[in-house]
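Asker: This one is upload_12.cif, mmCIF, C-alpha atoms.
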```
data_my_file
#
loop_
_atom_site.label_atom_id
_atom_site.label_comp_id
_atom_site.auth_asym_id
_atom_site.auth_seq_id
_atom_site.Cartn_x
_atom_site.Cartn_y
_atom_site.Cartn_z
CA MET A 1 -10.41 38.06 5.41
CA THR A 2 -8.02 37.13 8.22
CA SER A 3 -4.88 39.15 8.81
CA ARG A 4 -2.88 36.00 7.98
CA THR A 5 -4.59 35.56 4.60
CA ALA A 6 -4.39 39.26 3.86
CA ALA A 7 -0.68 39.27 4.57
CA VAL A 8 -0.12 36.30 2.32
CA ARG A 9 -2.12 37.83 -0.49
CA ALA A 10 -0.15 41.00 -0.14
CA GLY A 11 2.95 38.92 -0.68
CA GLY A 12 4.47 39.69 2.71
CA ASP A 13 6.12 37.39 5.22
CA ILE A 14 4.22 36.33 8.31
CA GLY A 15 5.93 36.09 11.66
CA GLU A 16 4.97 32.54 12.50
CA GLU A 17 6.07 30.71 15.61
CA SER A 18 9.13 28.64 14.82
CA GLY A 19 7.37 25.32 15.51
CA ARG A 20 4.38 26.10 13.33
CA GLY A 21 6.61 27.56 10.61
CA ALA A 22 8.69 24.40 10.53
CA SER A 23 5.53 22.32 10.31
CA LEU A 24 4.20 24.35 7.38
CA THR A 25 7.54 24.10 5.63
CA ASP A 26 7.57 20.32 6.09
CA GLU A 27 4.04 20.05 4.72
CA LEU A 28 4.75 22.21 1.69
CA TYR A 29 8.04 20.44 0.94
CA THR A 30 6.25 17.07 1.07
CA LYS A 31 3.56 18.32 -1.32
CA LEU A 32 6.03 19.74 -3.83
CA GLU A 33 8.27 16.67 -3.61
CA ALA A 34 5.26 14.43 -4.25
CA ARG A 35 4.34 16.43 -7.36
CA ILE A 36 7.88 15.95 -8.67
CA ARG A 37 8.17 12.29 -7.71
CA SER A 38 4.80 11.46 -9.26
CA GLY A 39 5.76 13.09 -12.56
CA GLU A 40 3.13 15.83 -12.28
CA LEU A 41 6.03 18.29 -12.41
CA LEU A 42 8.33 16.86 -15.06
CA PRO A 43 12.13 17.29 -15.24
CA GLY A 44 12.89 20.63 -16.86
CA SER A 45 9.49 22.13 -16.07
CA ARG A 46 9.26 25.43 -14.25
CA LEU A 47 7.87 25.60 -10.73
CA PRO A 48 5.16 28.17 -10.02
CA THR A 49 6.51 31.41 -8.62
CA GLN A 50 6.85 31.81 -4.87
CA LYS A 51 3.91 34.20 -4.90
CA GLU A 52 1.75 31.69 -6.80
CA ILE A 53 2.66 28.88 -4.42
CA ALA A 54 2.05 31.10 -1.37
CA LEU A 55 -1.42 32.02 -2.63
CA ALA A 56 -2.32 28.47 -3.67
CA GLU A 57 -1.20 26.94 -0.38
CA ASN A 58 -2.16 29.86 1.86
CA VAL A 59 1.29 30.12 3.42
CA SER A 60 3.88 32.84 3.70
CA ARG A 61 6.70 33.55 1.30
CA THR A 62 9.10 32.49 4.06
CA VAL A 63 7.57 29.02 4.16
CA VAL A 64 7.75 28.79 0.37
CA ARG A 65 11.37 29.91 0.25
CA GLU A 66 12.38 27.35 2.87
CA ALA A 67 10.48 24.52 1.18
CA VAL A 68 11.94 25.35 -2.25
CA ALA A 69 15.42 25.64 -0.76
CA ARG A 70 15.00 22.16 0.67
CA LEU A 71 14.00 20.85 -2.77
CA ALA A 72 17.22 22.32 -4.16
CA ALA A 73 19.25 20.82 -1.31
CA HIS A 74 17.89 17.40 -2.22
CA GLY A 75 18.79 17.92 -5.87
CA LEU A 76 15.19 18.09 -7.03
CA THR A 77 15.25 21.65 -8.37
CA VAL A 78 17.69 24.14 -9.85
CA SER A 79 17.51 27.93 -10.02
CA ARG A 80 18.12 29.77 -13.28
CA GLN A 81 18.87 33.44 -12.78
CA GLY A 82 16.15 35.59 -14.25
CA SER A 83 14.03 32.57 -15.24
CA GLY A 84 12.90 30.98 -11.98
CA VAL A 85 13.13 27.56 -10.36
CA PHE A 86 12.98 24.41 -12.48
CA VAL A 87 12.69 20.71 -11.75
CA ALA A 88 16.16 19.20 -12.10
CA ASP A 89 16.75 17.23 -15.29
CA ASP A 90 17.89 14.21 -13.27
CA ALA A 91 14.98 14.29 -10.81
CA GLU A 92 13.55 10.81 -11.15
CA PRO A 93 9.85 10.08 -10.60
CA ARG A 94 9.45 7.51 -7.83
CA ALA A 95 7.05 4.68 -8.53
CA PHE A 96 4.55 3.40 -6.01
CA GLN A 97 6.25 1.01 -3.64
CA ILE A 98 5.77 -0.89 -0.41
CA THR A 99 9.02 -1.91 1.21
CA ARG A 100 9.50 -4.95 3.45
CA ASP A 101 10.56 -2.66 6.27
CA GLU A 102 7.13 -1.04 6.20
CA LEU A 103 5.36 -4.28 7.08
CA GLY A 104 7.00 -5.04 10.40
CA GLU A 105 4.14 -3.64 12.47
CA LEU A 106 0.52 -4.73 12.71
CA ALA A 107 -0.79 -1.30 11.75
CA ASP A 108 1.08 -1.48 8.43
CA VAL A 109 -0.10 -5.03 7.72
CA ILE A 110 -3.69 -3.89 8.33
CA LYS A 111 -3.30 -1.04 5.81
CA LEU A 112 -2.08 -3.50 3.18
CA LEU A 113 -4.95 -5.89 3.93
CA GLU A 114 -7.42 -3.03 3.47
CA MET A 115 -6.01 -2.38 0.01
CA ARG A 116 -5.97 -6.08 -0.88
CA LEU A 117 -9.61 -6.40 0.18
CA ALA A 118 -10.64 -4.34 -2.84
CA VAL A 119 -8.06 -5.65 -5.31
CA GLU A 120 -8.43 -9.37 -4.62
CA THR A 121 -12.22 -9.30 -4.57
CA GLU A 122 -12.37 -8.11 -8.17
CA MET A 123 -9.37 -10.22 -9.16
CA ALA A 124 -11.16 -13.41 -8.09
CA GLY A 125 -14.30 -12.38 -9.96
CA LEU A 126 -12.37 -11.83 -13.19
CA ALA A 127 -10.46 -15.08 -12.70
CA ALA A 128 -13.72 -16.98 -12.41
CA ALA A 129 -15.02 -15.43 -15.62
CA ARG A 130 -11.86 -15.90 -17.68
CA ARG A 131 -9.91 -18.85 -16.27
CA THR A 132 -8.66 -21.62 -18.52
CA THR A 133 -8.06 -25.27 -17.74
CA ASP A 134 -4.35 -24.52 -17.35
CA ASP A 135 -5.17 -21.73 -14.90
CA ILE A 136 -7.22 -24.11 -12.77
CA ALA A 137 -4.35 -26.59 -12.70
CA ALA A 138 -1.91 -23.88 -11.59
CA ILE A 139 -4.26 -22.60 -8.87
CA GLN A 140 -4.91 -26.09 -7.52
CA GLU A 141 -1.21 -26.95 -7.58
CA ALA A 142 -0.40 -23.83 -5.59
CA LEU A 143 -3.14 -24.69 -3.08
CA GLN A 144 -1.67 -28.16 -2.67
CA GLN A 145 1.76 -26.66 -2.08
CA ILE A 146 0.32 -24.59 0.76
CA VAL A 147 -1.06 -27.76 2.36
CA GLU A 148 2.20 -29.65 2.00
CA SER A 149 4.25 -26.84 3.52
CA GLN A 150 1.86 -25.91 6.33
CA HIS A 151 4.43 -26.75 9.04
CA ASP A 152 7.07 -24.55 7.42
CA PRO A 153 5.90 -20.91 7.71
CA VAL A 154 8.45 -19.61 5.19
CA ALA A 155 7.62 -22.22 2.54
CA ALA A 156 3.90 -21.82 3.24
CA ALA A 157 4.14 -18.06 2.71
CA LYS A 158 5.85 -18.60 -0.65
CA ALA A 159 3.18 -21.10 -1.68
CA ASP A 160 0.45 -18.68 -0.54
CA ALA A 161 1.97 -15.92 -2.69
CA ALA A 162 2.11 -18.34 -5.65
CA PHE A 163 -1.57 -19.17 -5.08
CA HIS A 164 -2.61 -15.53 -5.37
CA LEU A 165 -0.33 -15.07 -8.38
CA ALA A 166 -2.01 -18.02 -10.13
CA ILE A 167 -5.40 -16.36 -9.55
CA ALA A 168 -4.01 -13.09 -10.94
CA GLN A 169 -2.81 -14.91 -14.06
CA ALA A 170 -6.28 -16.41 -14.49
CA THR A 171 -7.71 -12.89 -14.94
CA GLN A 172 -5.82 -12.65 -18.26
CA ASN A 173 -4.97 -9.10 -17.16
CA ASP A 174 -1.23 -8.42 -17.03
CA TYR A 175 -1.66 -5.52 -14.65
CA TYR A 176 -3.08 -7.78 -11.95
CA VAL A 177 -0.17 -10.15 -12.51
CA ARG A 178 2.41 -7.37 -12.29
CA PHE A 179 0.82 -5.92 -9.17
CA VAL A 180 0.76 -9.28 -7.38
CA GLU A 181 4.32 -10.01 -8.52
CA PHE A 182 5.38 -6.64 -7.14
CA LEU A 183 3.89 -7.40 -3.74
CA GLY A 184 5.28 -10.95 -3.70
CA LEU A 185 5.64 -12.25 -0.15
CA ARG A 186 4.32 -8.94 1.15
CA LEU A 187 0.91 -10.28 0.12
CA VAL A 188 1.05 -12.75 2.98
CA PRO A 189 1.06 -11.36 6.54
CA PRO A 190 3.70 -13.21 8.58
CA ARG A 191 1.97 -16.01 10.45
CA ASN A 192 4.07 -15.42 13.56
CA LEU A 193 2.78 -11.85 13.74
CA TYR A 194 -0.72 -13.20 14.39
CA LEU A 195 0.16 -16.44 16.24
CA ARG A 196 2.99 -15.12 18.39
CA ASP A 197 3.10 -17.00 21.73
CA GLN A 198 0.08 -19.12 20.74
CA PRO A 199 -0.01 -22.90 21.43
CA GLU A 200 0.29 -25.47 18.65
CA PRO A 201 -3.49 -26.11 18.42
CA ALA A 202 -3.99 -22.43 17.60
CA HIS A 203 -1.55 -22.75 14.71
CA ASP A 204 -3.38 -25.81 13.40
CA ALA A 205 -6.77 -24.10 13.67
CA TYR A 206 -5.42 -21.06 11.84
CA VAL A 207 -4.05 -23.19 8.98
CA ALA A 208 -7.32 -25.11 8.68
CA LYS A 209 -9.41 -21.91 8.59
CA VAL A 210 -7.26 -20.26 5.95
CA HIS A 211 -7.30 -23.45 3.88
CA ALA A 212 -11.11 -23.54 3.96
CA GLU A 213 -11.21 -19.92 2.81
CA HIS A 214 -8.82 -20.70 -0.06
CA GLU A 215 -10.85 -23.75 -1.08
CA ALA A 216 -14.01 -21.65 -1.29
CA ILE A 217 -12.29 -19.25 -3.69
CA VAL A 218 -10.95 -22.09 -5.85
CA ASP A 219 -14.33 -23.85 -5.99
CA ALA A 220 -16.05 -20.69 -7.22
CA ILE A 221 -13.35 -20.08 -9.85
CA VAL A 222 -13.58 -23.67 -11.06
CA ARG A 223 -17.36 -23.29 -11.43
CA MET A 224 -16.88 -19.94 -13.21
CA ASP A 225 -19.13 -18.32 -10.63
CA SER A 226 -17.86 -14.74 -10.51
CA VAL A 227 -20.35 -13.60 -7.87
CA ARG A 228 -19.40 -16.38 -5.47
CA ALA A 229 -15.70 -15.96 -6.25
CA ARG A 230 -15.88 -12.30 -5.27
CA GLU A 231 -17.78 -13.18 -2.10
CA ALA A 232 -15.27 -15.89 -1.17
CA ALA A 233 -12.26 -13.67 -1.82
CA ARG A 234 -13.81 -10.79 0.09
CA HIS A 235 -14.63 -13.11 3.00
CA HIS A 236 -11.05 -14.41 3.03
CA MET A 237 -9.56 -10.92 3.08
CA GLN A 238 -12.11 -9.64 5.59
CA GLU A 239 -11.35 -12.52 7.94
CA SER A 240 -7.62 -11.79 7.73
CA LEU A 241 -8.27 -8.10 8.30
CA THR A 242 -10.48 -8.88 11.31
CA ARG A 243 -7.92 -11.26 12.81
CA HIS A 244 -5.15 -8.71 12.61
CA SER A 245 -7.36 -5.80 13.73
CA MET A 246 -8.36 -7.74 16.85
CA LEU A 247 -4.72 -8.53 17.54
CA SER A 248 -3.84 -4.86 17.17
CA ALA A 249 -6.63 -3.85 19.56
CA ALA A 250 -5.43 -6.42 22.11
CA ALA A 251 -1.89 -5.08 21.85
CA ARG A 252 -3.13 -1.54 22.50
CA LEU A 253 -5.01 -2.71 25.59
CA ARG A 254 -1.92 -4.47 26.90
CA GLY A 255 0.06 -1.29 26.32
CA ARG A 256 -2.43 0.78 28.31
CA ALA A 257 -2.48 -1.77 31.13
CA GLY A 258 1.31 -1.63 31.31
CA ASN A 259 1.35 2.15 31.75
#
```
Give the structure from the file, written as structure tokens.

Answerer:
Amino acid sequence: MTSRTAAVRAGGDIGEESGRGASLTDELYTKLEARIRSGELLPGSRLPTQKEIALAENVSRTVVREAVARLAAHGLTVSRQGSGVFVADDAEPRAFQITRDELGELADVIKLLEMRLAVETEMAGLAAARRTTDDIAAIQEALQQIVESQHDPVAAAKADAAFHLAIAQATQNDYYVRFVEFLGLRLVPPRNLYLRDQPEPAHDAYVAKVHAEHEAIVDAIVRMDSVRAREAARHHMQESLTRHSMLSAAARLRGRAGN
């Protein structure tokens, strides 16, 4: 047993370097906040004792005290003399979210594409198995809107989001619909992020490639071919992920060359 662990188990404080102590406090605060925000620790529920938290997280009582004090400072906990520390009654769980501000950089767009790769693959497969005639009409109409607005990036992005929403609706699963509605335009990486400083022919080639990928998805859904729909959707998302990953790698190389 290390002296650090022994000290913690004995319930004593450890003389950590200020930088490391601050880091441990930040980490513990983030963990405890996440448990409150997620609803794991409900409003009115009692936090574990400082000793219990110190043992569970293998940190000192000092770190625990500082992290819990920060929770109180943010209004997430309240102390009740003789009873302990409790989650504040007005501490609101925070739902999963992706803000627009988070998608301004390529690295963030790539993370979202990685998540969509899994979601949209299965979504297309379900849409192919369950779609109705009305669903097909809505999907094809959205695809046509993308074509008609291809020279207007903003309108094209809206049409692209509507296309994916129509596929979500074809799954007959409200959760897919709500998830896609939540993402909205965040589903569609900004075209200028990928085509920045590119000549007009590059824009046209990009539009034509994406359109072909969309058509492959629609064709499989129309034919009620779930296997091919999944393959087409996965290919579409993988191509987008590859395009943006290559762009990110090129940007890193330019950054190194400039140093």

Asker: Give as a list in words the residues that the PyMOL selection byres ((chain A and resi 225) around 10) matches when applied to the coordinates above.

Answerer: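 Checked against the file, the PyMOL selection byres ((chain A and resi 225) around 10) matches Ala124, Gly125, Leu126, Ala127, Ala128, Ala129, Ile217, Asp219, Ala220, Ile221, Val222, Arg223, Met224, Ser226, Val227, Arg228, Ala229 and Arg230 of chain A.
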
Asker: Hey, can you check how far atom CA of A:Glu120 sits from atom CA of A:Arg234?

Answerer: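 Straight-line distance from atom CA of A:Glu120 to atom CA of A:Arg234 works out to 7.3 Å.
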
Asker: Report as a ChimeraX atom specification all protein, DNA and RNA residues lying within 9 Å of A:Val78, evaluated on all atoms listed in the file, omitting residues in the same chain fewer than 4 positions from it.

Answerer: /A:71-72,84-89

Asker: Using only C-alpha atoms, which residues sit within 10 Å of A:Ala156 once same-chain residues fewer than 3 positions away are excluded, as a PyMOL selection string?

Answerer: chain A and resi 143+145-153+159-162+188+191+207

Asker: Can you pull out every residue within 9 Å of A:Leu42, counting all atoms listed in the file, but drop anything in the same chain fewer than 2 positions away, and send it as a list of chain:residue names?

Answerer: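 Result of the neighbour search: A:Arg35, A:Ile36, A:Arg37, A:Ser38, A:Gly39, A:Glu40, A:Gly44, A:Ser45, A:Arg46, A:Val87, A:Ala88, A:Asp89, A:Ala91, A:Glu92, A:Pro93.
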
Asker: Name the residues captured by the PyMOL selection byres ((chain A and resi 113) around 12) when it is applied to the shown file; answer as a ChimeraX atom specification.

Answerer: /A:103,106-112,114-121,183,186-189,234,236-245

Asker: Just how far from atom CA of A:Thr30 is atom CA of A:Ala54, in Å to one decimal?

Answerer: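 Computed distance, atom CA of A:Ala54 to atom CA of A:Thr30, equals 14.8 Å.
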
Asker: Would you work out the distance separating atom CA of A:Met246 from atom CA of A:Gln144, expressed in Å to one decimal?

Answerer: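 We find that atom CA of A:Met246 and atom CA of A:Gln144 lie 29.0 Å from each other.
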
Asker: Could you check the closest approach to A:Glu141 for each of A:Ala168, A:Val154, A:Leu41, A:Val218 and tell me which residue wins, using only C-alpha atoms?

Answerer: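 Checking each of A:Ala168, A:Val154, A:Leu41, A:Val218 against A:Glu141, counting only C-alpha atoms, the winner is A:Val218.
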
Asker: Could you write out as an NGL selection string the residues that the PyMOL selection byres ((chain A and resi 66) around 12) matches in the shown file?

Answerer: :A and (21-29 or 32 or 50 or 54 or 59-65 or 67-73)
